[in-house]
>>> print(open('target32.txt').read())   # compact mmCIF, C-alpha atoms
# COMPACT_ATOMS: atom_id res chain seq x y z
CA MET A 1 -6.53 6.24 9.33
CA PRO A 2 -7.06 3.69 6.49
CA ALA A 3 -8.36 5.07 3.22
CA GLN A 4 -12.07 4.56 2.59
CA TYR A 5 -12.91 3.05 -0.79
CA SER A 6 -16.31 2.84 -2.43
CA VAL A 7 -18.10 1.50 -5.49
CA THR A 8 -21.23 3.01 -6.99
CA LEU A 9 -24.50 1.12 -7.01
CA GLN A 10 -24.62 1.75 -10.76
CA LYS A 11 -21.42 -0.25 -11.20
CA ILE A 12 -22.96 -3.19 -9.34
CA ILE A 13 -26.12 -2.91 -11.44
CA ASP A 14 -24.05 -2.97 -14.63
CA VAL A 15 -21.79 -5.87 -13.57
CA TYR A 16 -24.66 -8.15 -12.49
CA LYS A 17 -27.30 -6.82 -14.91
CA LEU A 18 -29.72 -6.07 -12.09
CA GLU A 19 -33.24 -4.90 -12.83
CA VAL A 20 -34.03 -1.54 -11.26
CA VAL A 21 -37.38 -1.55 -9.47
CA TYR A 22 -36.96 1.72 -7.57
CA LEU A 23 -34.20 4.28 -7.10
CA PRO A 24 -34.54 7.39 -4.92
CA CYS A 25 -31.81 9.11 -6.97
CA SER A 26 -29.22 8.30 -9.63
CA ALA A 27 -27.44 5.01 -8.90
CA ASP A 28 -24.15 6.80 -9.65
CA GLU A 29 -24.73 8.90 -6.52
CA ILE A 30 -25.26 5.90 -4.21
CA LEU A 31 -21.96 4.64 -2.81
CA ILE A 32 -21.40 1.19 -1.31
CA THR A 33 -18.56 1.30 1.22
CA THR A 34 -18.60 -2.13 2.87
CA ASN A 35 -18.05 -5.65 1.53
CA GLU A 36 -20.45 -7.10 4.10
CA ILE A 37 -23.87 -8.37 2.93
CA ASN A 38 -26.99 -8.92 5.04
CA ARG A 39 -30.15 -11.02 4.89
CA PRO A 40 -32.65 -9.11 7.01
CA GLY A 41 -34.53 -12.02 8.59
CA ILE A 42 -34.07 -11.20 12.27
CA VAL A 43 -34.49 -7.46 11.71
CA LEU A 44 -37.99 -8.12 10.37
CA THR A 45 -38.91 -9.46 13.82
CA GLY A 46 -37.99 -6.13 15.39
CA TYR A 47 -34.47 -6.91 16.64
CA THR A 48 -32.38 -4.08 15.18
CA ALA A 49 -29.30 -4.12 17.44
CA TYR A 50 -26.03 -4.46 15.50
CA PHE A 51 -27.78 -3.74 12.19
CA ASP A 52 -25.40 -2.11 9.71
CA PRO A 53 -27.30 0.16 7.30
CA LEU A 54 -24.26 0.36 4.99
CA ARG A 55 -24.77 -3.23 3.86
CA ILE A 56 -26.68 -4.34 0.79
CA GLN A 57 -29.72 -6.40 1.85
CA ILE A 58 -30.58 -9.67 0.06
CA LEU A 59 -34.10 -11.11 0.04
CA GLY A 60 -34.93 -14.58 -1.23
CA TRP A 61 -37.77 -17.07 -0.78
CA THR A 62 -37.36 -17.11 3.01
CA GLU A 63 -37.65 -13.35 3.56
CA LEU A 64 -40.50 -12.82 1.09
CA GLY A 65 -42.34 -15.86 2.43
CA PHE A 66 -41.94 -14.61 5.99
CA LEU A 67 -43.43 -11.23 5.03
CA GLN A 68 -46.23 -12.82 3.01
CA ASN A 69 -47.41 -14.92 5.97
CA MET A 70 -47.68 -11.90 8.30
CA ALA A 71 -50.87 -10.05 9.02
CA GLU A 72 -51.01 -6.73 7.19
CA SER A 73 -50.48 -4.60 10.33
CA GLN A 74 -47.63 -6.83 11.50
CA ARG A 75 -46.00 -6.71 8.05
CA GLU A 76 -46.18 -2.92 8.00
CA GLY A 77 -44.39 -2.80 11.34
CA ALA A 78 -41.72 -5.29 10.19
CA LEU A 79 -40.97 -3.27 7.07
CA GLY A 80 -40.82 -0.14 9.21
CA TYR A 81 -38.26 -1.74 11.56
CA TRP A 82 -36.06 -2.70 8.64
CA LEU A 83 -36.47 0.00 6.00
CA GLY A 84 -36.62 2.74 8.64
CA LEU A 85 -32.92 2.06 9.25
CA HIS A 86 -32.28 3.16 5.64
CA PRO A 87 -30.16 0.26 4.33
CA ALA A 88 -27.91 0.97 1.35
CA ALA A 89 -30.01 -1.10 -1.07
CA ALA A 90 -32.22 -4.19 -1.26
CA VAL A 91 -31.95 -6.93 -3.88
CA VAL A 92 -34.62 -9.57 -4.47
CA THR A 93 -33.17 -12.78 -5.92
CA ARG A 94 -34.44 -15.76 -7.97
CA GLY A 95 -36.51 -13.48 -10.20
CA LEU A 96 -39.26 -13.56 -7.59
CA GLU A 97 -42.27 -11.33 -8.04
CA ILE A 98 -41.90 -8.32 -5.77
CA PRO A 99 -45.08 -7.53 -3.81
CA ASP A 100 -46.49 -4.03 -3.90
CA TYR A 101 -46.07 -3.53 -0.15
CA LEU A 102 -42.29 -3.98 -0.46
CA ILE A 103 -42.10 -1.51 -3.36
CA ASP A 104 -44.26 0.96 -1.42
CA GLY A 105 -42.07 0.55 1.68
CA CYS A 106 -38.89 1.20 -0.29
CA ARG A 107 -40.46 4.30 -1.83
CA LYS A 108 -41.58 5.56 1.56
CA PHE A 109 -38.13 5.20 3.13
CA GLN A 110 -36.21 5.92 -0.11
CA VAL A 111 -34.33 2.61 -0.17
CA PRO A 112 -33.08 1.42 -3.62
CA LEU A 113 -34.82 -1.78 -4.70
CA LEU A 114 -33.27 -4.09 -7.30
CA LYS A 115 -33.96 -7.54 -8.70
CA THR A 116 -31.91 -10.42 -10.12
CA ASP A 117 -32.72 -13.81 -11.64
CA GLU A 118 -29.72 -15.37 -9.89
CA GLU A 119 -30.31 -17.80 -7.03
CA THR A 120 -29.69 -16.38 -3.58
CA SER A 121 -26.53 -18.19 -2.41
CA PRO A 122 -24.59 -17.93 -5.71
CA PHE A 123 -25.50 -14.24 -5.99
CA LEU A 124 -24.35 -13.63 -2.40
CA ALA A 125 -21.03 -15.32 -3.11
CA MET A 126 -20.46 -13.41 -6.36
CA LEU A 127 -21.36 -10.05 -4.82
CA ILE A 128 -19.12 -10.57 -1.78
CA GLN A 129 -16.21 -11.55 -4.03
CA TYR A 130 -16.75 -8.48 -6.19
CA LEU A 131 -16.98 -6.13 -3.20
CA ASN A 132 -13.91 -7.71 -1.60
CA ALA A 133 -11.91 -6.83 -4.72
CA SER A 134 -13.47 -3.41 -5.30
CA LEU A 135 -13.17 -2.18 -1.71
CA ALA A 136 -9.89 -3.86 -0.78
CA PRO A 137 -7.06 -1.88 0.88
CA ARG A 138 -4.51 -1.04 -1.79
CA ILE A 139 -1.15 0.52 -2.53
CA THR A 140 0.71 1.30 -5.75
CA ARG A 141 4.41 0.47 -5.85
CA HIS A 142 7.27 0.44 -8.35
CA GLY A 143 7.90 -2.96 -9.89
CA VAL A 144 6.91 -5.47 -12.57
CA LEU A 145 4.29 -8.20 -12.15
CA CYS A 146 4.25 -11.29 -14.37
CA GLU A 147 2.50 -14.63 -14.35
CA VAL A 148 5.07 -17.42 -14.65
CA TYR A 149 3.84 -21.03 -14.71
CA GLY A 150 0.70 -19.93 -12.87
CA GLU A 151 2.62 -18.08 -10.15
CA GLY A 152 2.32 -14.34 -9.72
CA ILE A 153 5.90 -13.01 -9.58
CA LEU A 154 6.47 -9.44 -8.42
CA ILE A 155 9.89 -8.26 -9.65
CA VAL A 156 11.39 -5.34 -7.73
CA GLY A 157 14.73 -3.58 -7.75
CA GLU A 158 16.39 -0.27 -8.36
CA SER A 159 15.72 1.63 -11.56
CA GLY A 160 17.86 0.14 -14.33
CA ALA A 161 18.15 -3.29 -12.66
CA GLY A 162 16.60 -4.99 -15.69
CA LYS A 163 13.02 -5.57 -14.54
CA SER A 164 11.32 -4.55 -17.78
CA GLU A 165 13.86 -6.37 -19.96
CA THR A 166 13.27 -9.51 -17.89
CA ALA A 167 9.52 -9.10 -18.34
CA VAL A 168 9.93 -8.97 -22.13
CA GLU A 169 12.07 -12.11 -22.07
CA LEU A 170 9.43 -13.86 -19.96
CA ILE A 171 6.73 -12.83 -22.43
CA LYS A 172 8.83 -14.22 -25.30
CA ARG A 173 9.06 -17.50 -23.36
CA GLY A 174 5.26 -17.80 -23.16
CA HIS A 175 4.48 -16.11 -19.84
CA ARG A 176 2.22 -13.11 -19.28
CA LEU A 177 2.61 -9.49 -18.22
CA ILE A 178 0.26 -7.95 -15.69
CA ALA A 179 1.98 -4.63 -14.91
CA ASP A 180 5.19 -2.76 -15.68
CA ASP A 181 6.67 0.14 -13.70
CA ALA A 182 3.66 0.64 -11.38
CA VAL A 183 1.81 -2.24 -9.72
CA GLU A 184 -1.49 -1.64 -7.94
CA ILE A 185 -1.71 -4.16 -5.10
CA ARG A 186 -4.95 -5.00 -3.28
CA ARG A 187 -5.45 -7.18 -0.20
CA THR A 188 -8.66 -9.07 -0.94
CA ASP A 189 -8.51 -11.16 2.25
CA ALA A 190 -6.15 -11.82 5.14
CA HIS A 191 -3.85 -14.01 3.03
CA THR A 192 -4.31 -12.85 -0.57
CA LEU A 193 -2.76 -10.01 -2.57
CA ILE A 194 -3.99 -9.25 -6.09
CA GLY A 195 -1.85 -7.16 -8.43
CA ALA A 196 -2.95 -5.16 -11.45
CA SER A 197 -1.78 -2.28 -13.60
CA PRO A 198 -3.20 1.24 -13.37
CA ASN A 199 -5.61 1.68 -16.28
CA ASN A 200 -3.66 4.46 -18.01
CA ILE A 201 -0.44 2.43 -18.40
CA ARG A 202 -1.86 -1.08 -18.78
CA HIS A 203 0.09 -3.30 -21.23
CA PHE A 204 2.82 -0.66 -21.78
CA ILE A 205 6.50 -1.42 -21.11
CA GLU A 206 9.38 1.04 -21.06
CA LEU A 207 12.64 -0.31 -22.51
CA ARG A 208 15.68 1.91 -22.27
CA GLY A 209 17.12 2.52 -25.73
CA ILE A 210 13.90 1.52 -27.48
CA GLY A 211 11.21 3.50 -25.68
CA ILE A 212 7.61 2.56 -24.94
CA ILE A 213 6.08 -0.61 -26.39
CA ASN A 214 2.57 -2.02 -26.09
CA ALA A 215 2.96 -5.68 -25.09
CA ARG A 216 -0.59 -6.62 -26.08
CA ARG A 217 -0.28 -5.19 -29.58
CA LEU A 218 3.29 -6.39 -30.13
CA PHE A 219 3.05 -9.92 -28.70
CA GLY A 220 -0.72 -10.60 -28.80
CA MET A 221 -3.53 -11.05 -26.30
CA GLY A 222 -1.92 -14.19 -24.89
CA ALA A 223 1.00 -12.12 -23.59
CA VAL A 224 -1.01 -10.05 -21.10
CA LYS A 225 -3.39 -10.56 -18.20
CA ALA A 226 -5.50 -8.08 -16.22
CA THR A 227 -4.85 -9.30 -12.65
CA GLU A 228 -2.86 -11.95 -10.82
CA LYS A 229 -2.36 -13.13 -7.26
CA ILE A 230 1.08 -12.23 -5.90
CA ASP A 231 2.75 -15.49 -4.83
CA MET A 232 6.40 -14.42 -4.60
CA VAL A 233 8.69 -11.41 -4.79
CA VAL A 234 11.95 -11.54 -6.78
CA ARG A 235 14.33 -8.81 -5.65
CA LEU A 236 17.00 -7.86 -8.23
CA GLU A 237 20.18 -6.24 -6.93
CA PRO A 238 23.68 -5.59 -8.37
CA TRP A 239 26.10 -8.46 -7.74
CA ASP A 240 28.20 -7.85 -4.63
CA SER A 241 31.17 -10.22 -4.45
CA ALA A 242 31.57 -9.46 -0.76
CA LYS A 243 28.02 -10.53 0.07
CA ALA A 244 27.10 -14.11 1.03
CA TYR A 245 24.03 -15.09 -0.97
CA ASP A 246 21.73 -17.92 0.07
CA ARG A 247 22.90 -21.09 -1.69
CA LEU A 248 20.63 -23.70 -0.10
CA GLY A 249 17.21 -22.09 0.26
CA ILE A 250 16.68 -23.20 3.88
CA ASP A 251 16.17 -19.70 5.23
CA ASN A 252 12.79 -18.08 4.74
CA GLU A 253 12.92 -14.51 3.51
CA TYR A 254 9.69 -12.61 3.18
CA ALA A 255 8.18 -9.17 2.72
CA LYS A 256 5.08 -7.83 4.40
CA ILE A 257 2.83 -6.13 1.88
CA LEU A 258 -0.40 -4.75 3.37
CA ASP A 259 0.30 -7.06 6.35
CA VAL A 260 0.40 -10.17 4.15
CA LYS A 261 3.62 -12.22 4.22
CA VAL A 262 5.01 -12.98 0.74
CA PRO A 263 8.14 -15.10 0.09
CA VAL A 264 11.15 -13.15 -1.22
CA ILE A 265 14.24 -14.33 -3.08
CA THR A 266 17.17 -12.05 -3.84
CA VAL A 267 18.75 -12.52 -7.27
CA PRO A 268 22.12 -10.84 -7.84
CA VAL A 269 22.37 -9.32 -11.32
CA ASN A 270 25.58 -9.97 -13.21
CA PRO A 271 26.42 -9.87 -16.95
CA GLY A 272 25.64 -13.22 -18.54
CA ARG A 273 22.99 -14.31 -16.02
CA ASN A 274 19.70 -15.28 -17.67
CA LEU A 275 17.20 -13.66 -15.31
CA ALA A 276 14.16 -15.05 -17.13
CA VAL A 277 15.35 -18.65 -16.68
CA ILE A 278 16.19 -17.97 -13.02
CA ILE A 279 12.71 -16.55 -12.39
CA GLU A 280 11.08 -19.51 -14.16
CA THR A 281 13.01 -21.86 -11.90
CA ALA A 282 12.11 -19.81 -8.83
CA ALA A 283 8.42 -19.94 -9.76
CA MET A 284 8.45 -23.73 -10.13
CA SER A 285 10.43 -24.13 -6.90
CA ASN A 286 7.93 -21.92 -5.06
CA ARG A 287 5.08 -24.12 -6.27
CA GLN A 288 6.91 -27.20 -5.03
CA LYS A 289 7.43 -25.64 -1.60
CA LYS A 290 3.73 -24.80 -1.34
CA MET A 291 3.01 -28.46 -2.11
CA GLY A 292 5.34 -29.58 0.68
CA TYR A 293 8.56 -30.40 -1.18
CA ASN A 294 11.89 -28.69 -0.44
CA ALA A 295 14.88 -29.79 -2.56
CA ALA A 296 17.42 -28.42 -0.05
CA ARG A 297 15.98 -30.56 2.75
CA GLU A 298 15.98 -33.66 0.52
CA LEU A 299 19.65 -33.06 -0.34
CA MET A 300 20.60 -32.62 3.33
CA ALA A 301 18.86 -35.88 4.18
CA ALA A 302 20.56 -37.68 1.27
CA ILE A 303 24.07 -36.70 2.40
CA GLY A 304 23.34 -37.42 6.05
CA MET A 305 23.22 -33.86 7.32
CA GLU A 306 20.95 -32.99 10.20
CA ASP A 307 17.84 -31.09 9.12
CA VAL A 308 17.90 -27.57 10.52
CA GLU A 309 15.07 -25.11 10.90
CA GLY A 310 15.59 -22.11 8.64
CA THR A 311 15.54 -18.61 10.02
CA GLU A 312 13.06 -15.96 8.96
CA LYS A 313 14.09 -12.54 7.72
CA GLU A 314 11.78 -9.72 6.76
CA TYR A 315 12.72 -7.42 3.86
CA ASP A 316 11.57 -3.91 3.19
CA ILE A 317 11.64 -4.49 -0.55
CA TRP A 318 11.06 -0.84 -1.51
CA LYS A 319 13.34 0.76 1.08
CA ASP A 320 16.16 1.82 -1.25
CA MET A 321 14.08 2.44 -4.38
>>> encode(input="target32.txt", output="structure tokens")
Amino acid sequence: MPAQYSVTLQKIIDVYKLEVVYLPCSADEILITTNEINRPGIVLTGYTAYFDPLRIQILGWTELGFLQNMAESQREGALGYWLGLHPAAAVVTRGLEIPDYLIDGCRKFQVPLLKTDEETSPFLAMLIQYLNASLAPRITRHGVLCEVYGEGILIVGESGAGKSETAVELIKRGHRLIADDAVEIRRTDAHTLIGASPNNIRHFIELRGIGIINARRLFGMGAVKATEKIDMVVRLEPWDSAKAYDRLGIDNEYAKILDVKVPVITVPVNPGRNLAVIIETAAMSNRQKKMGYNAARELMAAIGMEDVEGTEKEYDIWKDM
């Protein structure tokens, strides 16, 4: 069964500077467990099928205007339909004045009532984005995550393969570190993985022979970043002269991380190879491929070779680690 994640209502209040109108208990005790948001228009008419009480409810001009135009007895019934289902919280947007009957209804049914000056649609979008990130499925895996030319590069390999040393070289070349040793990966939507470092080891790098360094303090704020989308995996492995490595780049190798397919390249490690330069080149090449250009296909066309469809191979990138 998938793990259930939550975020406290207090955290949402702090992030968006919401005004507290009514709370039945401490906001730290109220947990939000879904990234879905609801505008309760149809529920106010009495249709409550499919209503999810775990969702935060958003009220703007439309909802407050609809309630205002009801007769008092009808309005009391509408609020009873809705608030009697005990939604997680209600937020009034646009800085609108909250009528007493809504405050009284929230007190009666013990529903948290909050207020924001933000307009309704932008606030909805921001809150959904925040909840998507906060409640996303996640795993923590061994590796190094760097931003290279705007691409999030996850470097994996056996212990001692040179991941951290490569990260330091990339930092020296102007790129940024997100995580070393442990990478916390979240799936924020069906196609997007976001990587970050666990809080207790953020910005630290372990270098064998030197020890622990703090990349932010040693190289400056420009050398680190809190989060980054994972665009590609670079898999470091010891050079095996008996193995045939991909020399054209026609085949598509990928890893499935939280059910999201991410391109993988395997880089054999050998004395004298500049891994930082190789990863920089891989990052730029990956950007070109996403924009529709493939150098291998252009070369094949230039020398008159027939274009062939590359095969796909899935890697378990942490299998032997």
>>> closest_residue(input="target32.txt", among="A:Asn35, A:Arg138, A:Leu145, A:Thr62", to="Val7 of chain A", atoms="all atoms listed in the file")
A:Asn35
>>> atom_distance(input="target32.txt", atom1="atom CA of Glu119 of chain A", atom2="atom CA of Gly65 of chain A")
15.4 Å
>>> atom_distance(input="target32.txt", atom1="atom CA of Ala167 of chain A", atom2="atom CA of Trp318 of chain A")
18.8 Å
>>> closest_residue(input="target32.txt", among="A:Gly195, A:Gly80, A:Gly162, A:Gly150", to="Ala136 of chain A", atoms="only C-alpha atoms")
A:Gly195
>>> residues_around(input="target32.txt", residues="Val144 of chain A", least_positions_apart="6", cutoff="6 Å", atoms="all atoms listed in the file", output="PyMOL selection string")
chain A and resi 154-155+179-181
>>> closest_residue(input="target32.txt", among="A:Leu83, A:Val168, A:Ala196, A:Val21", to="Val43 of chain A", atoms="all atoms listed in the file")
A:Leu83
>>> residues_near_point(input="target32.txt", point="(-35.9, -9.2, 0.6)", cutoff="8 Å", atoms="all atoms listed in the file", output="compact mmCIF listing (two decimals) with C-alpha atoms, in the frame of the given file")
# COMPACT_ATOMS: atom_id res chain seq x y z
CA ARG A 39 -30.15 -11.02 4.89
CA PRO A 40 -32.65 -9.11 7.01
CA GLN A 57 -29.72 -6.40 1.85
CA ILE A 58 -30.58 -9.67 0.06
CA LEU A 59 -34.10 -11.11 0.04
CA GLY A 60 -34.93 -14.58 -1.23
CA GLU A 63 -37.65 -13.35 3.56
CA LEU A 64 -40.50 -12.82 1.09
CA ALA A 90 -32.22 -4.19 -1.26
CA VAL A 91 -31.95 -6.93 -3.88
CA VAL A 92 -34.62 -9.57 -4.47
CA THR A 93 -33.17 -12.78 -5.92
>>> residues_around(input="target32.txt", residues="Ile257 of chain A", least_positions_apart="4", cutoff="9 Å", atoms="only C-alpha atoms", output="mmCIF file with C-alpha atoms, in the frame of the given file")
data_model
loop_
_atom_site.group_PDB
_atom_site.id
_atom_site.type_symbol
_atom_site.label_atom_id
_atom_site.label_comp_id
_atom_site.auth_asym_id
_atom_site.auth_seq_id
_atom_site.Cartn_x
_atom_site.Cartn_y
_atom_site.Cartn_z
ATOM 1 C CA ILE A 139 -1.150 0.520 -2.530
ATOM 2 C CA ILE A 185 -1.710 -4.160 -5.100
ATOM 3 C CA ARG A 187 -5.450 -7.180 -0.200
ATOM 4 C CA LEU A 193 -2.760 -10.010 -2.570
ATOM 5 C CA LYS A 261 3.620 -12.220 4.220
ATOM 6 C CA VAL A 262 5.010 -12.980 0.740
#
>>> closest_residue(input="target32.txt", among="A:Tyr149, A:Ala223, A:Asp100, A:Gly105", to="Ser285 of chain A", atoms="all atoms listed in the file")
A:Tyr149
>>> residues_around(input="target32.txt", residues="Tyr5 of chain A", least_positions_apart="5", cutoff="10 Å", atoms="all atoms listed in the file", output="list of chain:residue names")
A:Leu31, A:Ile32, A:Thr33, A:Thr34, A:Ser134, A:Leu135, A:Ala136, A:Pro137, A:Arg138
>>> residues_around(input="target32.txt", residues="Leu44 of chain A", least_positions_apart="6", cutoff="9 Å", atoms="only C-alpha atoms", output="number ranges by chain")
A: 63, 66-67, 75, 77-82
>>> closest_residue(input="target32.txt", among="A:Gln129, A:Thr227, A:Ser121, A:Asn252", to="Lys289 of chain A", atoms="all atoms listed in the file")
A:Asn252
>>> closest_residue(input="target32.txt", among="A:Asp14, A:Pro87, A:Gly95, A:Phe219", to="Glu118 of chain A", atoms="only C-alpha atoms")
A:Gly95
>>> residues_around(input="target32.txt", residues="Thr8 of chain A", least_positions_apart="4", cutoff="10 Å", atoms="all atoms listed in the file", output="PyMOL selection string")
chain A and resi 12-13+26-33
>>> atom_distance(input="target32.txt", atom1="atom CA of Met300 of chain A", atom2="atom CA of Lys256 of chain A")
29.3 Å
>>> build_atoms(input="target32.txt", residues="segment 287-296 of chain A", atoms="all heavy atoms", output="compact mmCIF listing (two decimals), in the coordinates of the input")
# COMPACT_ATOMS: atom_id res chain seq x y z
N ARG A 287 6.25 -23.24 -6.20
CA ARG A 287 5.08 -24.12 -6.27
C ARG A 287 5.35 -25.43 -5.54
O ARG A 287 4.49 -25.96 -4.83
CB ARG A 287 4.69 -24.41 -7.72
CG ARG A 287 4.16 -23.20 -8.46
CD ARG A 287 3.59 -23.58 -9.81
NE ARG A 287 2.33 -24.29 -9.68
CZ ARG A 287 1.59 -24.68 -10.71
NH1 ARG A 287 2.01 -24.45 -11.95
NH2 ARG A 287 0.44 -25.29 -10.53
N GLN A 288 6.56 -25.96 -5.72
CA GLN A 288 6.91 -27.20 -5.03
C GLN A 288 6.87 -27.02 -3.51
O GLN A 288 6.38 -27.88 -2.77
CB GLN A 288 8.29 -27.67 -5.46
CG GLN A 288 8.34 -28.32 -6.83
CD GLN A 288 9.71 -28.92 -7.11
OE1 GLN A 288 10.73 -28.43 -6.65
NE2 GLN A 288 9.72 -29.99 -7.89
N LYS A 289 7.41 -25.89 -3.04
CA LYS A 289 7.43 -25.64 -1.60
C LYS A 289 6.01 -25.53 -1.04
O LYS A 289 5.73 -26.02 0.06
CB LYS A 289 8.23 -24.37 -1.30
CG LYS A 289 9.73 -24.55 -1.47
CD LYS A 289 10.48 -23.26 -1.16
CE LYS A 289 11.99 -23.45 -1.33
NZ LYS A 289 12.73 -22.19 -1.07
N LYS A 290 5.12 -24.90 -1.80
CA LYS A 290 3.73 -24.80 -1.34
C LYS A 290 3.06 -26.16 -1.28
O LYS A 290 2.13 -26.37 -0.50
CB LYS A 290 2.94 -23.86 -2.27
CG LYS A 290 3.32 -22.40 -2.11
CD LYS A 290 2.33 -21.47 -2.79
CE LYS A 290 2.33 -21.61 -4.28
NZ LYS A 290 1.48 -20.58 -4.95
N MET A 291 3.56 -27.11 -2.10
CA MET A 291 3.01 -28.46 -2.11
C MET A 291 3.74 -29.39 -1.14
O MET A 291 3.47 -30.59 -1.09
CB MET A 291 3.06 -29.03 -3.53
CG MET A 291 2.21 -28.24 -4.52
SD MET A 291 2.43 -28.74 -6.24
CE MET A 291 1.68 -30.35 -6.22
N GLY A 292 4.69 -28.82 -0.37
CA GLY A 292 5.34 -29.58 0.68
C GLY A 292 6.70 -30.17 0.36
O GLY A 292 7.27 -30.91 1.18
N TYR A 293 7.26 -29.84 -0.82
CA TYR A 293 8.56 -30.40 -1.18
C TYR A 293 9.62 -29.31 -1.15
O TYR A 293 9.44 -28.23 -1.71
CB TYR A 293 8.51 -31.02 -2.58
CG TYR A 293 9.87 -31.48 -3.07
CD1 TYR A 293 10.44 -32.65 -2.60
CD2 TYR A 293 10.58 -30.71 -4.01
CE1 TYR A 293 11.70 -33.06 -3.05
CE2 TYR A 293 11.83 -31.12 -4.46
CZ TYR A 293 12.38 -32.29 -3.97
OH TYR A 293 13.62 -32.69 -4.40
N ASN A 294 10.76 -29.62 -0.51
CA ASN A 294 11.89 -28.69 -0.44
C ASN A 294 13.14 -29.45 -0.86
O ASN A 294 13.60 -30.37 -0.16
CB ASN A 294 12.03 -28.13 0.98
CG ASN A 294 13.05 -27.01 1.05
OD1 ASN A 294 14.18 -27.15 0.59
ND2 ASN A 294 12.66 -25.88 1.64
N ALA A 295 13.72 -29.07 -2.02
CA ALA A 295 14.88 -29.79 -2.56
C ALA A 295 16.07 -29.72 -1.62
O ALA A 295 16.83 -30.69 -1.49
CB ALA A 295 15.24 -29.22 -3.93
N ALA A 296 16.28 -28.57 -0.96
CA ALA A 296 17.42 -28.42 -0.05
C ALA A 296 17.33 -29.41 1.10
O ALA A 296 18.34 -30.03 1.50
CB ALA A 296 17.48 -26.98 0.47
